[in-house]
Amino acid sequence: MWRALRITVLLVVLATVALGAWRAQHRATSWVNTLHVSIYPINADGREATARYIDQLEVQDFAPIADWLDGEARRYGINTLKPLAITLAPPRTSLPPQPLRHPSALEALMWSLQMRYWAWRNDDSPGPRPDVRLFVQYHDPAVTTAVQHSVGLEKGLIGLANVFASRVDHGGNLMVIAHEMLHTVGATDKYDPVTLMPRFPDGYADPQQRPATPQTQAEVMAGRIPLSPERADIPLSLRHVRVGPTTAAEIGWLRAP
Ligand SMILES: [Zn+2]
């Protein structure tokens, strides 16, 4: 009797959590309402220069992401008045759990649970609760020349991005943040994990173009502009970045690519 009751209560709790997550995800990808994204800067290396850089960040620095997504949504016939609104949270004082470089399925699951718990404990963004929380780890380029790949929790509405604490890199940082944000609403990577080259055709901004290279834009989930089958460059700003048809379908902008 008690055992049956305990199991019932547990099932109700699990169903409520699952339903809540499903509704949050559904709301985020319906594109009827504005998607509220909060950016939480983190000093990843504890350096003074990184702290100074984070301190001078303003919410307007991230406005190009909202403008870019607005333009891309319109290209796909999404007419939400303001598809994306970004707020800037105060810097975090603790580091989130770091994902392993090549995790097993179990390790990836464990990290995702730890990350959700950490995000829950570190959620004091001003104003209403955001739909998507992006934790952005800044690294001083004077000591770090390559940052670890960023991770977005697909369907978790939480992302962890690694970027450089420098104005020169700001345009590239915005692309990394946009990429992670789109992961959280269902977009998948579109590059070869070994060569880092965009995958054809879905990693190309214009898969219909003939010849296929050189392209002039990067697909956001591929992250590079394919110039030839062997060469691809990282774009310097979101002006050279597009949402390709496959990504558009994944995030709910198209029914099929
Ligand atoms: Zn990615």
# chains A, B, ... in the order shown; residues from 1 in each chain; ligands from 1
>>> residues_around(residues="A:Arg116", least_positions_apart="5", cutoff="9 Å", atoms="only C-alpha atoms", output="compact mmCIF listing (two decimals) with C-alpha atoms, in the first residue's frame")
# COMPACT_ATOMS: atom_id res chain seq x y z
CA TRP A 111 27.72 16.68 -16.51
CA ARG A 121 21.90 27.59 -7.72
CA GLY A 156 17.83 22.12 -21.53
CA ILE A 158 21.06 26.24 -20.73
>>> select_by_dssp(residues="stretch 115-251 of chain A", states="strand (DSSP E or B)", output="count of residues only")
32
>>> closest_atom_pairs(of="stretch 147-252 of chain A", to="stretch 128-131 of chain A", cutoff="12 Å", atoms="only C-alpha atoms", output="tab-separated table")
residue	atom	partner	partner_atom	distance
A:Lys155	CA	A:Asp131	CA	11.4
A:Gly156	CA	A:Asp131	CA	10.1
A:Leu157	CA	A:Asp131	CA	6.8
A:Ile158	CA	A:Asp131	CA	8.9
A:Gly159	CA	A:Asp131	CA	11.6
A:Met181	CA	A:Asp131	CA	10.7
A:Thr184	CA	A:Asp131	CA	9.9
A:Val185	CA	A:Asp131	CA	10.0
>>> closest_atom_pairs(of="chain A", to="ligand 1", cutoff="7 Å", atoms="only C-alpha atoms and all ligand atoms", output="tab-separated table")
residue	atom	partner	partner_atom_place_in_ligand_line	distance
A:Ser150	CA	ligand 1	1 (Zn)	6.5
A:Val151	CA	ligand 1	1 (Zn)	6.1
A:Gly152	CA	ligand 1	1 (Zn)	6.8
A:His179	CA	ligand 1	1 (Zn)	6.3
A:Glu180	CA	ligand 1	1 (Zn)	6.2
A:His183	CA	ligand 1	1 (Zn)	6.6
A:Thr188	CA	ligand 1	1 (Zn)	6.7
A:Asp189	CA	ligand 1	1 (Zn)	4.8
A:Met221	CA	ligand 1	1 (Zn)	6.3
>>> write_last_selection(atoms="N, CA, C and O atoms", output="CSV table (one decimal), in the first residue's frame")
chain,number,residue,atom,x,y,z
A,150,SER,N,32.5,25.1,-26.9
A,150,SER,CA,31.3,25.4,-26.1
A,150,SER,C,30.3,24.4,-26.1
A,150,SER,O,30.2,23.6,-27.1
A,151,VAL,N,29.4,24.3,-25.1
A,151,VAL,CA,28.4,23.3,-25.1
A,151,VAL,C,27.0,23.9,-24.8
A,151,VAL,O,26.9,24.7,-23.9
A,152,GLY,N,26.1,23.5,-25.5
A,152,GLY,CA,24.7,23.9,-25.2
A,152,GLY,C,23.9,22.6,-24.9
A,152,GLY,O,24.1,21.6,-25.5
A,179,HIS,N,25.5,30.7,-31.6
A,179,HIS,CA,25.5,29.2,-31.8
A,179,HIS,C,25.0,28.4,-30.6
A,179,HIS,O,24.2,27.6,-30.7
A,180,GLU,N,25.5,28.8,-29.4
A,180,GLU,CA,25.1,28.1,-28.2
A,180,GLU,C,23.6,28.3,-27.9
A,180,GLU,O,22.9,27.4,-27.5
A,183,HIS,N,21.6,26.1,-30.0
A,183,HIS,CA,21.7,24.7,-29.5
A,183,HIS,C,20.5,24.5,-28.4
A,183,HIS,O,19.9,23.5,-28.4
A,188,THR,N,21.4,21.5,-34.1
A,188,THR,CA,22.6,20.6,-33.9
A,188,THR,C,23.8,21.1,-34.7
A,188,THR,O,23.6,22.0,-35.6
A,189,ASP,N,25.0,20.7,-34.3
A,189,ASP,CA,26.2,21.1,-35.0
A,189,ASP,C,26.2,20.6,-36.4
A,189,ASP,O,25.7,19.5,-36.7
A,221,MET,N,25.5,27.0,-37.3
A,221,MET,CA,25.8,25.8,-36.6
A,221,MET,C,27.1,25.1,-37.2
A,221,MET,O,27.5,24.1,-36.6
>>> select_by_dssp(residues="stretch 111-190 of chain A", states="helix (DSSP H, G or I)", output="ChimeraX atom specification")
/A:111-121,167-184
>>> atom_distance(atom1="atom CA of A:Ala187", atom2="atom CA of A:Ala44")
25.7 Å
>>> closest_residue(among="A:Gly71, A:Pro41, A:Pro96, A:Gly77", to="A:Leu254", atoms="only C-alpha atoms")
A:Gly77
>>> closest_residue(among="A:His139, A:Arg224, A:Arg75, A:His170", to="A:Ile42", atoms="only C-alpha atoms")
A:His139
>>> closest_residue(among="A:Pro207, A:Pro83, A:Gly252, A:Gly172", to="A:Leu35", atoms="only C-alpha atoms")
A:Pro83
>>> decode(residues="stretch 192-219 of chain A", atoms="N, CA, C and O atoms", output="PDB file, in the first residue's frame")
ATOM      1  N   ASP A 192      32.296  18.914 -39.274  1.00  0.00           N
ATOM      2  CA  ASP A 192      32.978  17.651 -38.997  1.00  0.00           C
ATOM      3  C   ASP A 192      33.798  17.823 -37.708  1.00  0.00           C
ATOM      4  O   ASP A 192      34.645  18.716 -37.636  1.00  0.00           O
ATOM      5  N   PRO A 193      33.557  16.989 -36.674  1.00  0.00           N
ATOM      6  CA  PRO A 193      34.248  17.214 -35.398  1.00  0.00           C
ATOM      7  C   PRO A 193      35.758  16.992 -35.499  1.00  0.00           C
ATOM      8  O   PRO A 193      36.510  17.508 -34.658  1.00  0.00           O
ATOM      9  N   VAL A 194      36.234  16.280 -36.495  1.00  0.00           N
ATOM     10  CA  VAL A 194      37.679  16.031 -36.623  1.00  0.00           C
ATOM     11  C   VAL A 194      38.353  17.160 -37.398  1.00  0.00           C
ATOM     12  O   VAL A 194      39.312  17.772 -36.936  1.00  0.00           O
ATOM     13  N   THR A 195      37.823  17.480 -38.580  1.00  0.00           N
ATOM     14  CA  THR A 195      38.463  18.497 -39.422  1.00  0.00           C
ATOM     15  C   THR A 195      37.939  19.904 -39.136  1.00  0.00           C
ATOM     16  O   THR A 195      38.551  20.888 -39.562  1.00  0.00           O
ATOM     17  N   LEU A 196      36.815  20.018 -38.415  1.00  0.00           N
ATOM     18  CA  LEU A 196      36.126  21.284 -38.141  1.00  0.00           C
ATOM     19  C   LEU A 196      35.565  21.941 -39.405  1.00  0.00           C
ATOM     20  O   LEU A 196      35.108  23.083 -39.368  1.00  0.00           O
ATOM     21  N   MET A 197      35.615  21.244 -40.553  1.00  0.00           N
ATOM     22  CA  MET A 197      35.074  21.791 -41.807  1.00  0.00           C
ATOM     23  C   MET A 197      33.543  21.707 -41.792  1.00  0.00           C
ATOM     24  O   MET A 197      32.975  20.725 -41.296  1.00  0.00           O
ATOM     25  N   PRO A 198      32.871  22.746 -42.355  1.00  0.00           N
ATOM     26  CA  PRO A 198      31.404  22.671 -42.469  1.00  0.00           C
ATOM     27  C   PRO A 198      31.001  21.436 -43.273  1.00  0.00           C
ATOM     28  O   PRO A 198      31.655  21.082 -44.253  1.00  0.00           O
ATOM     29  N   ARG A 199      29.919  20.790 -42.840  1.00  0.00           N
ATOM     30  CA  ARG A 199      29.407  19.613 -43.550  1.00  0.00           C
ATOM     31  C   ARG A 199      28.551  20.077 -44.716  1.00  0.00           C
ATOM     32  O   ARG A 199      27.791  21.026 -44.590  1.00  0.00           O
ATOM     33  N   PHE A 200      28.696  19.397 -45.842  1.00  0.00           N
ATOM     34  CA  PHE A 200      27.838  19.713 -46.980  1.00  0.00           C
ATOM     35  C   PHE A 200      26.699  18.704 -47.018  1.00  0.00           C
ATOM     36  O   PHE A 200      26.941  17.523 -46.814  1.00  0.00           O
ATOM     37  N   PRO A 201      25.453  19.122 -47.300  1.00  0.00           N
ATOM     38  CA  PRO A 201      25.026  20.492 -47.605  1.00  0.00           C
ATOM     39  C   PRO A 201      24.562  21.305 -46.391  1.00  0.00           C
ATOM     40  O   PRO A 201      24.495  22.524 -46.468  1.00  0.00           O
ATOM     41  N   ASP A 202      24.249  20.633 -45.246  1.00  0.00           N
ATOM     42  CA  ASP A 202      23.550  21.382 -44.192  1.00  0.00           C
ATOM     43  C   ASP A 202      24.419  22.400 -43.465  1.00  0.00           C
ATOM     44  O   ASP A 202      23.894  23.299 -42.812  1.00  0.00           O
ATOM     45  N   GLY A 203      25.754  22.301 -43.554  1.00  0.00           N
ATOM     46  CA  GLY A 203      26.635  23.270 -42.917  1.00  0.00           C
ATOM     47  C   GLY A 203      26.974  24.458 -43.814  1.00  0.00           C
ATOM     48  O   GLY A 203      27.847  25.250 -43.492  1.00  0.00           O
ATOM     49  N   TYR A 204      26.287  24.548 -44.946  1.00  0.00           N
ATOM     50  CA  TYR A 204      26.518  25.656 -45.877  1.00  0.00           C
ATOM     51  C   TYR A 204      25.353  26.644 -45.776  1.00  0.00           C
ATOM     52  O   TYR A 204      24.186  26.234 -45.753  1.00  0.00           O
ATOM     53  N   ALA A 205      25.703  27.942 -45.754  1.00  0.00           N
ATOM     54  CA  ALA A 205      24.663  28.968 -45.642  1.00  0.00           C
ATOM     55  C   ALA A 205      23.727  28.904 -46.850  1.00  0.00           C
ATOM     56  O   ALA A 205      22.522  29.071 -46.714  1.00  0.00           O
ATOM     57  N   ASP A 206      24.293  28.655 -48.032  1.00  0.00           N
ATOM     58  CA  ASP A 206      23.476  28.530 -49.242  1.00  0.00           C
ATOM     59  C   ASP A 206      23.778  27.185 -49.902  1.00  0.00           C
ATOM     60  O   ASP A 206      24.624  27.095 -50.794  1.00  0.00           O
ATOM     61  N   PRO A 207      23.093  26.135 -49.473  1.00  0.00           N
ATOM     62  CA  PRO A 207      23.398  24.804 -50.029  1.00  0.00           C
ATOM     63  C   PRO A 207      23.051  24.681 -51.514  1.00  0.00           C
ATOM     64  O   PRO A 207      23.550  23.774 -52.179  1.00  0.00           O
ATOM     65  N   GLN A 208      22.230  25.605 -52.040  1.00  0.00           N
ATOM     66  CA  GLN A 208      21.811  25.527 -53.452  1.00  0.00           C
ATOM     67  C   GLN A 208      22.849  26.141 -54.389  1.00  0.00           C
ATOM     68  O   GLN A 208      22.783  25.927 -55.597  1.00  0.00           O
ATOM     69  N   GLN A 209      23.786  26.922 -53.851  1.00  0.00           N
ATOM     70  CA  GLN A 209      24.737  27.630 -54.710  1.00  0.00           C
ATOM     71  C   GLN A 209      25.587  26.650 -55.521  1.00  0.00           C
ATOM     72  O   GLN A 209      26.032  25.633 -55.008  1.00  0.00           O
ATOM     73  N   ARG A 210      25.805  26.961 -56.821  1.00  0.00           N
ATOM     74  CA  ARG A 210      26.669  26.138 -57.668  1.00  0.00           C
ATOM     75  C   ARG A 210      27.672  27.010 -58.383  1.00  0.00           C
ATOM     76  O   ARG A 210      27.262  27.997 -58.983  1.00  0.00           O
ATOM     77  N   PRO A 211      28.991  26.681 -58.395  1.00  0.00           N
ATOM     78  CA  PRO A 211      29.555  25.631 -57.540  1.00  0.00           C
ATOM     79  C   PRO A 211      29.355  25.956 -56.064  1.00  0.00           C
ATOM     80  O   PRO A 211      29.183  27.118 -55.699  1.00  0.00           O
ATOM     81  N   ALA A 212      29.426  24.924 -55.220  1.00  0.00           N
ATOM     82  CA  ALA A 212      29.085  25.073 -53.808  1.00  0.00           C
ATOM     83  C   ALA A 212      30.049  25.999 -53.060  1.00  0.00           C
ATOM     84  O   ALA A 212      29.669  26.656 -52.089  1.00  0.00           O
ATOM     85  N   THR A 213      31.325  26.060 -53.522  1.00  0.00           N
ATOM     86  CA  THR A 213      32.308  26.966 -52.893  1.00  0.00           C
ATOM     87  C   THR A 213      32.889  27.863 -53.986  1.00  0.00           C
ATOM     88  O   THR A 213      32.908  27.468 -55.157  1.00  0.00           O
ATOM     89  N   PRO A 214      33.380  29.060 -53.627  1.00  0.00           N
ATOM     90  CA  PRO A 214      33.413  29.642 -52.283  1.00  0.00           C
ATOM     91  C   PRO A 214      32.069  30.244 -51.888  1.00  0.00           C
ATOM     92  O   PRO A 214      31.407  30.859 -52.696  1.00  0.00           O
ATOM     93  N   GLN A 215      31.724  30.066 -50.600  1.00  0.00           N
ATOM     94  CA  GLN A 215      30.550  30.724 -50.061  1.00  0.00           C
ATOM     95  C   GLN A 215      31.005  32.074 -49.464  1.00  0.00           C
ATOM     96  O   GLN A 215      32.190  32.266 -49.181  1.00  0.00           O
ATOM     97  N   THR A 216      30.055  32.982 -49.269  1.00  0.00           N
ATOM     98  CA  THR A 216      30.408  34.282 -48.675  1.00  0.00           C
ATOM     99  C   THR A 216      29.928  34.371 -47.226  1.00  0.00           C
ATOM    100  O   THR A 216      30.264  35.327 -46.521  1.00  0.00           O
ATOM    101  N   GLN A 217      29.131  33.386 -46.786  1.00  0.00           N
ATOM    102  CA  GLN A 217      28.573  33.417 -45.437  1.00  0.00           C
ATOM    103  C   GLN A 217      28.853  32.080 -44.750  1.00  0.00           C
ATOM    104  O   GLN A 217      29.028  31.062 -45.424  1.00  0.00           O
ATOM    105  N   ALA A 218      28.824  32.110 -43.420  1.00  0.00           N
ATOM    106  CA  ALA A 218      28.927  30.870 -42.643  1.00  0.00           C
ATOM    107  C   ALA A 218      27.536  30.457 -42.192  1.00  0.00           C
ATOM    108  O   ALA A 218      26.709  31.318 -41.887  1.00  0.00           O
ATOM    109  N   GLU A 219      27.287  29.164 -42.123  1.00  0.00           N
ATOM    110  CA  GLU A 219      26.059  28.683 -41.486  1.00  0.00           C
ATOM    111  C   GLU A 219      26.346  28.700 -39.980  1.00  0.00           C
ATOM    112  O   GLU A 219      27.401  28.243 -39.548  1.00  0.00           O
TER     113      GLU A 219
END
